[in-house]
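Source file: run.pdb. Holds: PDB, C-alpha atoms.
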```
ATOM      1  CA  MET A  13      -8.381  -5.710  21.785  1.00  0.00           C
ATOM      2  CA  ARG A  14      -8.682  -2.949  19.169  1.00  0.00           C
ATOM      3  CA  PRO A  15      -6.276  -2.950  16.207  1.00  0.00           C
ATOM      4  CA  ARG A  16      -3.495  -0.436  16.437  1.00  0.00           C
ATOM      5  CA  VAL A  17      -4.138   2.578  14.206  1.00  0.00           C
ATOM      6  CA  TYR A  18      -0.931   4.384  13.422  1.00  0.00           C
ATOM      7  CA  ALA A  19      -0.898   8.138  13.826  1.00  0.00           C
ATOM      8  CA  ARG A  20       0.875   8.561  10.480  1.00  0.00           C
ATOM      9  CA  ALA A  21      -1.121  11.128   8.618  1.00  0.00           C
ATOM     10  CA  VAL A  22      -0.869  12.662   5.214  1.00  0.00           C
ATOM     11  CA  PRO A  23       2.419  14.596   5.092  1.00  0.00           C
ATOM     12  CA  ALA A  24       2.037  18.347   5.588  1.00  0.00           C
ATOM     13  CA  PRO A  25       1.603  20.119   2.227  1.00  0.00           C
ATOM     14  CA  THR A  26       4.968  21.848   2.017  1.00  0.00           C
ATOM     15  CA  PRO A  27       5.963  23.577  -1.249  1.00  0.00           C
ATOM     16  CA  ILE A  28       8.457  20.786  -2.004  1.00  0.00           C
ATOM     17  CA  LEU A  29       5.836  18.096  -1.363  1.00  0.00           C
ATOM     18  CA  ARG A  30       3.366  19.887  -3.671  1.00  0.00           C
ATOM     19  CA  VAL A  31       5.998  19.973  -6.442  1.00  0.00           C
ATOM     20  CA  LEU A  32       6.795  16.282  -5.942  1.00  0.00           C
ATOM     21  CA  GLN A  33       3.088  15.422  -6.000  1.00  0.00           C
ATOM     22  CA  ARG A  34       2.586  17.402  -9.210  1.00  0.00           C
ATOM     23  CA  LEU A  35       5.593  15.743 -10.873  1.00  0.00           C
ATOM     24  CA  GLY A  36       4.569  12.318  -9.581  1.00  0.00           C
ATOM     25  CA  ARG A  37       1.263  12.579 -11.424  1.00  0.00           C
ATOM     26  CA  THR A  38       2.916  12.691 -14.850  1.00  0.00           C
ATOM     27  CA  ARG A  39       3.281   9.665 -17.117  1.00  0.00           C
ATOM     28  CA  ALA A  40       7.064  10.045 -17.205  1.00  0.00           C
ATOM     29  CA  ALA A  41       7.362  10.080 -13.417  1.00  0.00           C
ATOM     30  CA  ALA A  42       5.005   7.103 -13.117  1.00  0.00           C
ATOM     31  CA  ALA A  43       7.093   5.143 -15.630  1.00  0.00           C
ATOM     32  CA  ALA A  44      10.326   5.939 -13.785  1.00  0.00           C
ATOM     33  CA  SER A  45       8.748   5.287 -10.388  1.00  0.00           C
ATOM     34  CA  ARG A  46       7.627   1.775 -11.376  1.00  0.00           C
ATOM     35  CA  ARG A  47      11.272   0.761 -11.555  1.00  0.00           C
ATOM     36  CA  VAL A  48      13.105   3.045  -9.145  1.00  0.00           C
ATOM     37  CA  VAL A  49      10.815   3.451  -6.133  1.00  0.00           C
ATOM     38  CA  PRO A  50      10.387  -0.249  -5.222  1.00  0.00           C
ATOM     39  CA  ALA A  51      14.132  -0.893  -5.541  1.00  0.00           C
ATOM     40  CA  VAL A  52      15.187   2.122  -3.471  1.00  0.00           C
ATOM     41  CA  ASP A  53      12.406   1.626  -0.908  1.00  0.00           C
ATOM     42  CA  GLY A  54      13.375  -2.035  -0.548  1.00  0.00           C
ATOM     43  CA  TRP A  55      17.046  -1.295  -0.025  1.00  0.00           C
ATOM     44  CA  VAL A  56      16.478   1.537   2.483  1.00  0.00           C
ATOM     45  CA  GLY A  57      13.701  -0.403   4.201  1.00  0.00           C
ATOM     46  CA  ARG A  58      16.003  -3.382   4.763  1.00  0.00           C
ATOM     47  CA  ALA A  59      18.794  -1.100   5.972  1.00  0.00           C
ATOM     48  CA  THR A  60      16.485   0.532   8.551  1.00  0.00           C
ATOM     49  CA  GLY A  61      14.724  -2.655   9.650  1.00  0.00           C
ATOM     50  CA  GLY A  62      11.540  -1.505   7.913  1.00  0.00           C
ATOM     51  CA  ARG A  63      11.248   1.615  10.041  1.00  0.00           C
ATOM     52  CA  TRP A  64      11.681   4.080   7.149  1.00  0.00           C
ATOM     53  CA  ARG A  65      11.471   4.231   3.349  1.00  0.00           C
ATOM     54  CA  PRO A  66      12.118   7.170   1.016  1.00  0.00           C
ATOM     55  CA  SER A  67       8.507   7.092  -0.209  1.00  0.00           C
ATOM     56  CA  ASP A  68       7.416   7.828   3.394  1.00  0.00           C
ATOM     57  CA  VAL A  69       8.260  11.445   2.552  1.00  0.00           C
ATOM     58  CA  LEU A  70       5.373  11.467   0.053  1.00  0.00           C
ATOM     59  CA  PHE A  71       2.814   9.140   1.661  1.00  0.00           C
ATOM     60  CA  PRO A  72       2.481   6.464   4.367  1.00  0.00           C
ATOM     61  CA  THR A  73       4.126   3.264   3.110  1.00  0.00           C
ATOM     62  CA  LEU A  74       3.902  -0.354   4.159  1.00  0.00           C
ATOM     63  CA  VAL A  75       5.429  -3.542   2.804  1.00  0.00           C
ATOM     64  CA  LEU A  76       2.926  -6.112   1.622  1.00  0.00           C
ATOM     65  CA  GLU A  77       4.109  -9.702   2.148  1.00  0.00           C
ATOM     66  CA  HIS A  78       2.208 -11.980  -0.206  1.00  0.00           C
ATOM     67  CA  VAL A  79       2.518 -15.354  -1.923  1.00  0.00           C
ATOM     68  CA  GLY A  80       2.469 -15.820  -5.692  1.00  0.00           C
ATOM     69  CA  ARG A  81      -0.779 -17.486  -6.716  1.00  0.00           C
ATOM     70  CA  ARG A  82       0.948 -19.710  -9.295  1.00  0.00           C
ATOM     71  CA  SER A  83       4.594 -19.802  -8.250  1.00  0.00           C
ATOM     72  CA  GLY A  84       4.108 -20.084  -4.487  1.00  0.00           C
ATOM     73  CA  ARG A  85       7.050 -17.659  -4.114  1.00  0.00           C
ATOM     74  CA  ARG A  86       6.988 -15.106  -1.325  1.00  0.00           C
ATOM     75  CA  PHE A  87       7.039 -11.437  -2.353  1.00  0.00           C
ATOM     76  CA  ARG A  88       7.531  -8.139  -0.512  1.00  0.00           C
ATOM     77  CA  THR A  89       6.003  -5.097  -2.215  1.00  0.00           C
ATOM     78  CA  PRO A  90       6.191  -1.516  -0.842  1.00  0.00           C
ATOM     79  CA  LEU A  91       2.864   0.287  -1.279  1.00  0.00           C
ATOM     80  CA  ALA A  92       1.056   3.454  -0.221  1.00  0.00           C
ATOM     81  CA  TYR A  93      -1.812   2.825   2.164  1.00  0.00           C
ATOM     82  CA  VAL A  94      -4.436   4.400   4.373  1.00  0.00           C
ATOM     83  CA  ARG A  95      -6.115   3.024   7.481  1.00  0.00           C
ATOM     84  CA  ALA A  96      -9.873   2.631   7.782  1.00  0.00           C
ATOM     85  CA  PRO A  97     -10.823   2.384  11.470  1.00  0.00           C
ATOM     86  CA  GLU A  98     -14.511   2.185  10.489  1.00  0.00           C
ATOM     87  CA  LEU A  99     -13.737  -0.954   8.443  1.00  0.00           C
ATOM     88  CA  GLY A 100     -12.157  -2.990  11.221  1.00  0.00           C
ATOM     89  CA  GLY A 101      -8.904  -1.014  11.233  1.00  0.00           C
ATOM     90  CA  ALA A 102      -8.164  -2.264   7.721  1.00  0.00           C
ATOM     91  CA  TYR A 103      -5.063  -1.313   5.806  1.00  0.00           C
ATOM     92  CA  VAL A 104      -6.400  -0.078   2.457  1.00  0.00           C
ATOM     93  CA  LEU A 105      -4.398  -0.675  -0.733  1.00  0.00           C
ATOM     94  CA  ALA A 106      -5.184   0.596  -4.245  1.00  0.00           C
ATOM     95  CA  ALA A 107      -3.937  -1.492  -7.179  1.00  0.00           C
ATOM     96  CA  THR A 108      -3.262   1.466  -9.484  1.00  0.00           C
ATOM     97  CA  ASN A 109      -0.083   0.123 -11.128  1.00  0.00           C
ATOM     98  CA  PHE A 110       0.932   3.733 -11.789  1.00  0.00           C
ATOM     99  CA  GLY A 111      -1.992   4.122 -14.228  1.00  0.00           C
ATOM    100  CA  GLN A 112      -1.079   1.238 -16.521  1.00  0.00           C
ATOM    101  CA  ALA A 113      -3.823  -0.639 -18.379  1.00  0.00           C
ATOM    102  CA  ARG A 114      -3.067  -3.916 -16.576  1.00  0.00           C
ATOM    103  CA  HIS A 115      -3.495  -4.725 -12.916  1.00  0.00           C
ATOM    104  CA  PRO A 116      -0.316  -5.084 -10.817  1.00  0.00           C
ATOM    105  CA  ALA A 117       0.848  -8.646 -10.160  1.00  0.00           C
ATOM    106  CA  TRP A 118       0.445  -8.280  -6.408  1.00  0.00           C
ATOM    107  CA  SER A 119      -3.298  -7.622  -6.872  1.00  0.00           C
ATOM    108  CA  HIS A 120      -3.746 -10.939  -8.698  1.00  0.00           C
ATOM    109  CA  ASN A 121      -1.993 -12.631  -5.778  1.00  0.00           C
ATOM    110  CA  LEU A 122      -4.269 -10.925  -3.238  1.00  0.00           C
ATOM    111  CA  ARG A 123      -7.397 -11.907  -5.189  1.00  0.00           C
ATOM    112  CA  ALA A 124      -6.306 -15.532  -4.802  1.00  0.00           C
ATOM    113  CA  ALA A 125      -5.362 -15.171  -1.120  1.00  0.00           C
ATOM    114  CA  THR A 126      -7.312 -15.113   2.112  1.00  0.00           C
ATOM    115  CA  GLN A 127      -4.375 -13.890   4.202  1.00  0.00           C
ATOM    116  CA  ALA A 128      -1.247 -11.789   3.819  1.00  0.00           C
ATOM    117  CA  ALA A 129       0.963  -9.724   6.084  1.00  0.00           C
ATOM    118  CA  VAL A 130       2.027  -6.103   6.167  1.00  0.00           C
ATOM    119  CA  VAL A 131       5.076  -4.503   7.729  1.00  0.00           C
ATOM    120  CA  VAL A 132       4.454  -0.985   8.978  1.00  0.00           C
ATOM    121  CA  GLN A 133       7.289   0.930  10.643  1.00  0.00           C
ATOM    122  CA  GLY A 134       9.095  -2.334  11.353  1.00  0.00           C
ATOM    123  CA  GLU A 135       6.063  -4.074  12.879  1.00  0.00           C
ATOM    124  CA  ARG A 136       4.688  -7.142  11.069  1.00  0.00           C
ATOM    125  CA  VAL A 137       0.918  -7.667  11.127  1.00  0.00           C
ATOM    126  CA  ARG A 138      -0.876 -10.759   9.789  1.00  0.00           C
ATOM    127  CA  THR A 139      -4.076  -9.812   7.976  1.00  0.00           C
ATOM    128  CA  SER A 140      -7.113 -11.215   6.259  1.00  0.00           C
ATOM    129  CA  VAL A 141      -7.546 -10.087   2.646  1.00  0.00           C
ATOM    130  CA  THR A 142     -10.803  -9.007   1.031  1.00  0.00           C
ATOM    131  CA  PRO A 143     -11.510  -6.961  -2.072  1.00  0.00           C
ATOM    132  CA  ALA A 144     -13.398  -3.785  -1.169  1.00  0.00           C
ATOM    133  CA  THR A 145     -17.070  -3.754  -2.069  1.00  0.00           C
ATOM    134  CA  PRO A 146     -18.204  -0.824  -4.235  1.00  0.00           C
ATOM    135  CA  GLU A 147     -19.569   0.861  -1.095  1.00  0.00           C
ATOM    136  CA  GLU A 148     -16.315   0.347   0.825  1.00  0.00           C
ATOM    137  CA  LYS A 149     -14.292   1.614  -2.128  1.00  0.00           C
ATOM    138  CA  ALA A 150     -16.474   4.742  -2.350  1.00  0.00           C
ATOM    139  CA  LEU A 151     -15.840   5.324   1.347  1.00  0.00           C
ATOM    140  CA  VAL A 152     -12.034   5.012   1.232  1.00  0.00           C
ATOM    141  CA  TRP A 153     -11.169   6.261  -2.286  1.00  0.00           C
ATOM    142  CA  PRO A 154     -11.213   9.974  -1.297  1.00  0.00           C
ATOM    143  CA  ARG A 155      -8.712   9.189   1.497  1.00  0.00           C
ATOM    144  CA  LEU A 156      -6.447   7.341  -0.922  1.00  0.00           C
ATOM    145  CA  VAL A 157      -6.498  10.346  -3.276  1.00  0.00           C
ATOM    146  CA  GLU A 158      -5.793  12.647  -0.332  1.00  0.00           C
ATOM    147  CA  VAL A 159      -2.707  10.594   0.531  1.00  0.00           C
ATOM    148  CA  TRP A 160      -1.496  10.530  -3.094  1.00  0.00           C
ATOM    149  CA  PRO A 161      -3.370  12.790  -5.571  1.00  0.00           C
ATOM    150  CA  GLY A 162      -1.778  10.833  -8.422  1.00  0.00           C
ATOM    151  CA  PHE A 163      -4.204   7.967  -7.703  1.00  0.00           C
ATOM    152  CA  ALA A 164      -6.981  10.012  -9.365  1.00  0.00           C
ATOM    153  CA  ASP A 165      -4.812  10.467 -12.471  1.00  0.00           C
ATOM    154  CA  TYR A 166      -3.857   6.790 -12.500  1.00  0.00           C
ATOM    155  CA  ASP A 167      -7.543   5.858 -12.301  1.00  0.00           C
ATOM    156  CA  ALA A 168      -8.431   8.158 -15.209  1.00  0.00           C
ATOM    157  CA  ARG A 169      -5.681   6.962 -17.536  1.00  0.00           C
ATOM    158  CA  SER A 170      -5.687   3.245 -16.710  1.00  0.00           C
ATOM    159  CA  GLY A 171      -8.937   2.518 -18.544  1.00  0.00           C
ATOM    160  CA  ARG A 172      -9.853  -0.158 -15.991  1.00  0.00           C
ATOM    161  CA  GLU A 173     -11.544  -0.462 -12.638  1.00  0.00           C
ATOM    162  CA  ILE A 174      -8.884   0.093  -9.955  1.00  0.00           C
ATOM    163  CA  ARG A 175      -8.938  -2.760  -7.433  1.00  0.00           C
ATOM    164  CA  VAL A 176      -9.002  -1.780  -3.764  1.00  0.00           C
ATOM    165  CA  PHE A 177      -8.181  -4.282  -1.029  1.00  0.00           C
ATOM    166  CA  LEU A 178      -8.907  -4.283   2.687  1.00  0.00           C
ATOM    167  CA  LEU A 179      -6.341  -6.042   4.853  1.00  0.00           C
ATOM    168  CA  ARG A 180      -7.755  -6.450   8.347  1.00  0.00           C
ATOM    169  CA  PRO A 181      -5.425  -7.322  11.255  1.00  0.00           C
ATOM    170  CA  LEU A 182      -5.852 -10.873  12.562  1.00  0.00           C
ATOM    171  CA  GLU A 183      -3.980 -10.348  15.824  1.00  0.00           C
ATOM    172  CA  PRO A 184      -3.994  -7.719  18.530  1.00  0.00           C
ATOM    173  CA  ALA A 185      -1.251  -5.095  18.368  1.00  0.00           C
ATOM    174  CA  GLY A 186       2.077  -6.108  19.873  1.00  0.00           C
ATOM    175  CA  ARG A 187       1.751  -9.817  19.052  1.00  0.00           C
ATOM    176  CA  HIS A 188       3.425  -9.783  15.656  1.00  0.00           C
ATOM    177  CA  PRO A 189       7.115  -8.914  15.505  1.00  0.00           C
ATOM    178  CA  ALA A 190       8.631  -7.952  12.147  1.00  0.00           C
ATOM    179  CA  SER A 191      11.031 -10.884  12.438  1.00  0.00           C
ATOM    180  CA  ALA A 192       8.262 -13.499  12.364  1.00  0.00           C
ATOM    181  CA  GLY A 193       7.978 -15.735   9.310  1.00  0.00           C
ATOM    182  CA  PRO A 194       5.783 -14.958   6.297  1.00  0.00           C
ATOM    183  CA  ALA A 195       2.012 -15.243   6.396  1.00  0.00           C
TER     184      ALA A 195
END
```
Could I get this file's structure written as structure tokens?
Amino acid sequence: MRPRVYARAVPAPTPILRVLQRLGRTRAAAAASRRVVPAVDGWVGRATGGRWRPSDVLFPTLVLEHVGRRSGRRFRTPLAYVRAPELGGAYVLAATNFGQARHPAWSHNLRAATQAAVVVQGERVRTSVTPATPEEKALVWPRLVEVWPGFADYDARSGREIRVFLLRPLEPAGRHPASAGPA
């Protein structure tokens, strides 16, 4: 069975969205977003059963469920994503950390993991985890920048190689309710 590819596209470029995208590319907005967006997205996401998050207005968002590589704790991290049907229907994540010089903690956890889960529009999907090869990254990076133009700015100011991960579904669509336990 083919993996389900959600029809969620890049939001239409309305004047308000263009202003938000321009503001979101600044250092000040990135600094504020690091603290505010995950908290607000988490609260609204829980209140709506994972069906909606405020950041969905700007770009498609999923919740990454991952396990701490050292602590063993379970984490839920809201992130922008794109789908790559040509790469096994993978969910593609960019570890930009809002352009900071260090990699985000969740990317260290994924480097140590072979599996994780994502929740997209309230549906939980178990996935395999692989870092993108340079060729795969070159293929999907333009789509990531299309979804959130700030990724290009984050890449330029971070001073490091941005990690990109491919999370490929392990189960056919419809077999993984959001209420199931962690990966």
Each range 52-132 of chain A residue no farther than 9 Å from range 176-185 of chain A, nearest pair in Å, all atoms listed in the file, as a Markdown table:
```
| residue | atom | partner | partner_atom | distance |
| --- | --- | --- | --- | --- |
| A:Ala96 | CA | A:Leu178 | CA | 8.6 |
| A:Leu99 | CA | A:Arg180 | CA | 8.1 |
| A:Gly100 | CA | A:Arg180 | CA | 6.3 |
| A:Gly101 | CA | A:Arg180 | CA | 6.3 |
| A:Ala102 | CA | A:Arg180 | CA | 4.3 |
| A:Tyr103 | CA | A:Leu179 | CA | 5.0 |
| A:Val104 | CA | A:Leu178 | CA | 4.9 |
| A:Leu105 | CA | A:Phe177 | CA | 5.2 |
| A:Ala106 | CA | A:Val176 | CA | 4.5 |
| A:Ala107 | CA | A:Val176 | CA | 6.1 |
| A:Thr108 | CA | A:Val176 | CA | 8.7 |
| A:Ser119 | CA | A:Phe177 | CA | 8.3 |
| A:Leu122 | CA | A:Phe177 | CA | 8.0 |
| A:Arg123 | CA | A:Phe177 | CA | 8.7 |
| A:Gln127 | CA | A:Leu179 | CA | 8.1 |
| A:Ala128 | CA | A:Leu179 | CA | 7.7 |
| A:Ala129 | CA | A:Leu179 | CA | 8.3 |
| A:Val130 | CA | A:Leu179 | CA | 8.5 |
```
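Put simply, CA of His78 in chain A is 13.4 Å away from CA of Thr142 in chain A.
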- Message: Would you compute the distance between CA of Gly80 in chain A and CA of Pro154 in chain A? Give it in Å to one decimal.
- Response: 29.5 Å
- Surrounding residues of Ala168 in chain A excluding itself and chain neighbours under 5 positions, 12 Å, only C-alpha atoms, as a list in words: Arg37, Arg39, Thr108, Phe110, Gly111, Gln112, Ala113, Pro161, Gly162, Phe163, Glu173 and Ile174 of chain A
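Considering the residues A:Leu151, A:Val79, A:Ala51, A:Val137 and counting only C-alpha atoms, Ala124 in chain A has its shortest atom-to-atom contact with A:Val79.
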- What is the CA of Pro97 in chain A to CA of Trp64 in chain A distance in Å? 23.0 Å
Taking 4 positions as the minimum chain separation for residues in the same chain, which residues sit within 7 Å of Thr89 in chain A when counting all atoms listed in the file? Answer as a PDB file with C-alpha atoms, in the coordinates of the input.
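After the write, selection.pdb holds the following:
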```
ATOM      1  CA  VAL A  75       5.429  -3.542   2.804  1.00  0.00           C
ATOM      2  CA  LEU A  76       2.926  -6.112   1.622  1.00  0.00           C
ATOM      3  CA  GLU A  77       4.109  -9.702   2.148  1.00  0.00           C
TER       4      GLU A  77
END
```
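Between Glu98 in chain A and the candidates A:Val159, A:Val56, A:Val152, A:Gly171, the tightest atom-to-atom separation, counting all atoms listed in the file, involves A:Val152.
Closest approach to Tyr166 in chain A from the set A:His115, A:Pro90, A:Ser83, A:Gly61 is made by A:His115, with distances taken over only C-alpha atoms.
Taking only C-alpha atoms into account, the residues near (-9.1, -15.6, 3.2), no farther than 7 Å, are A:Ala125, A:Thr126, A:Gln127, A:Ser140, A:Val141.
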- Rank nothing, just name the residue among A:Leu91, A:Arg114, A:Trp55, A:Arg175 nearest to Trp160 in chain A, using all atoms listed in the file. A:Leu91
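Minimum atom-to-atom distance to Trp153 in chain A, evaluated using all atoms listed in the file, belongs to A:Tyr93 out of A:Tyr93, A:Arg169, A:Gln133, A:Pro116.
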- Query: Which one of A:Arg63, A:Glu158, A:Thr145, A:Gly84 sits closest to Asn121 in chain A if you count only C-alpha atoms?
  - Reply: A:Gly84
Using the atoms already present, construct N, CA and C atoms for range 72-106 of chain A and hand them back as a short mmCIF file (atom, residue, chain, number, x, y, z; two decimals), in the frame of the given file.
```cif
data_model
loop_
_atom_site.label_atom_id
_atom_site.label_comp_id
_atom_site.auth_asym_id
_atom_site.auth_seq_id
_atom_site.Cartn_x
_atom_site.Cartn_y
_atom_site.Cartn_z
N PRO A 72 2.22 7.61 3.49
CA PRO A 72 2.48 6.46 4.37
C PRO A 72 2.71 5.20 3.52
N THR A 73 3.74 4.44 3.88
CA THR A 73 4.13 3.26 3.11
C THR A 73 4.19 2.04 4.01
N LEU A 74 3.74 0.93 3.48
CA LEU A 74 3.90 -0.35 4.16
C LEU A 74 4.53 -1.33 3.17
N VAL A 75 4.95 -2.47 3.67
CA VAL A 75 5.43 -3.54 2.80
C VAL A 75 4.42 -4.67 2.88
N LEU A 76 3.86 -5.01 1.72
CA LEU A 76 2.93 -6.11 1.62
C LEU A 76 3.72 -7.40 1.42
N GLU A 77 3.51 -8.37 2.30
CA GLU A 77 4.11 -9.70 2.15
C GLU A 77 3.02 -10.62 1.62
N HIS A 78 3.23 -11.15 0.42
CA HIS A 78 2.21 -11.98 -0.21
C HIS A 78 2.86 -13.14 -0.93
N VAL A 79 2.04 -14.13 -1.28
CA VAL A 79 2.52 -15.35 -1.92
C VAL A 79 1.98 -15.38 -3.35
N GLY A 80 2.87 -15.71 -4.29
CA GLY A 80 2.47 -15.82 -5.69
C GLY A 80 1.41 -16.89 -5.87
N ARG A 81 0.35 -16.55 -6.56
CA ARG A 81 -0.78 -17.49 -6.72
C ARG A 81 -0.42 -18.71 -7.53
N ARG A 82 0.53 -18.57 -8.46
CA ARG A 82 0.95 -19.71 -9.30
C ARG A 82 2.30 -20.26 -8.86
N SER A 83 3.23 -19.37 -8.55
CA SER A 83 4.59 -19.80 -8.25
C SER A 83 4.76 -20.29 -6.82
N GLY A 84 3.93 -19.76 -5.90
CA GLY A 84 4.11 -20.08 -4.49
C GLY A 84 5.26 -19.32 -3.85
N ARG A 85 5.94 -18.47 -4.65
CA ARG A 85 7.05 -17.66 -4.11
C ARG A 85 6.51 -16.58 -3.18
N ARG A 86 7.35 -16.18 -2.25
CA ARG A 86 6.99 -15.11 -1.32
C ARG A 86 7.53 -13.79 -1.88
N PHE A 87 6.68 -12.75 -1.84
CA PHE A 87 7.04 -11.44 -2.35
C PHE A 87 6.85 -10.38 -1.28
N ARG A 88 7.64 -9.31 -1.38
CA ARG A 88 7.53 -8.14 -0.51
C ARG A 88 7.42 -6.92 -1.43
N THR A 89 6.29 -6.21 -1.32
CA THR A 89 6.00 -5.10 -2.22
C THR A 89 5.70 -3.85 -1.41
N PRO A 90 6.50 -2.77 -1.54
CA PRO A 90 6.19 -1.52 -0.84
C PRO A 90 5.03 -0.81 -1.53
N LEU A 91 4.06 -0.35 -0.74
CA LEU A 91 2.86 0.29 -1.28
C LEU A 91 2.39 1.42 -0.38
N ALA A 92 1.75 2.41 -0.98
CA ALA A 92 1.06 3.45 -0.22
C ALA A 92 -0.20 2.83 0.38
N TYR A 93 -0.61 3.36 1.53
CA TYR A 93 -1.81 2.82 2.16
C TYR A 93 -2.49 3.91 2.99
N VAL A 94 -3.73 3.63 3.36
CA VAL A 94 -4.44 4.40 4.37
C VAL A 94 -5.05 3.40 5.34
N ARG A 95 -5.41 3.87 6.51
CA ARG A 95 -6.12 3.02 7.48
C ARG A 95 -7.59 3.39 7.47
N ALA A 96 -8.43 2.43 7.72
CA ALA A 96 -9.87 2.63 7.78
C ALA A 96 -10.39 2.07 9.10
N PRO A 97 -10.35 2.88 10.17
CA PRO A 97 -10.82 2.38 11.47
C PRO A 97 -12.28 1.91 11.41
N GLU A 98 -13.10 2.55 10.58
CA GLU A 98 -14.51 2.18 10.49
C GLU A 98 -14.72 0.86 9.74
N LEU A 99 -13.67 0.34 9.13
CA LEU A 99 -13.74 -0.95 8.44
C LEU A 99 -12.82 -1.96 9.14
N GLY A 100 -12.91 -2.02 10.44
CA GLY A 100 -12.16 -2.99 11.22
C GLY A 100 -10.68 -2.67 11.32
N GLY A 101 -10.32 -1.39 11.16
CA GLY A 101 -8.90 -1.01 11.23
C GLY A 101 -8.12 -1.49 10.03
N ALA A 102 -8.80 -1.71 8.91
CA ALA A 102 -8.16 -2.26 7.72
C ALA A 102 -7.08 -1.35 7.16
N TYR A 103 -6.04 -1.99 6.64
CA TYR A 103 -5.06 -1.31 5.81
C TYR A 103 -5.68 -1.32 4.41
N VAL A 104 -5.74 -0.18 3.76
CA VAL A 104 -6.40 -0.08 2.46
C VAL A 104 -5.33 0.13 1.39
N LEU A 105 -5.36 -0.73 0.36
CA LEU A 105 -4.40 -0.68 -0.73
C LEU A 105 -5.14 -0.49 -2.05
N ALA A 106 -4.61 0.37 -2.92
CA ALA A 106 -5.18 0.60 -4.24
C ALA A 106 -4.24 0.03 -5.29
#
```
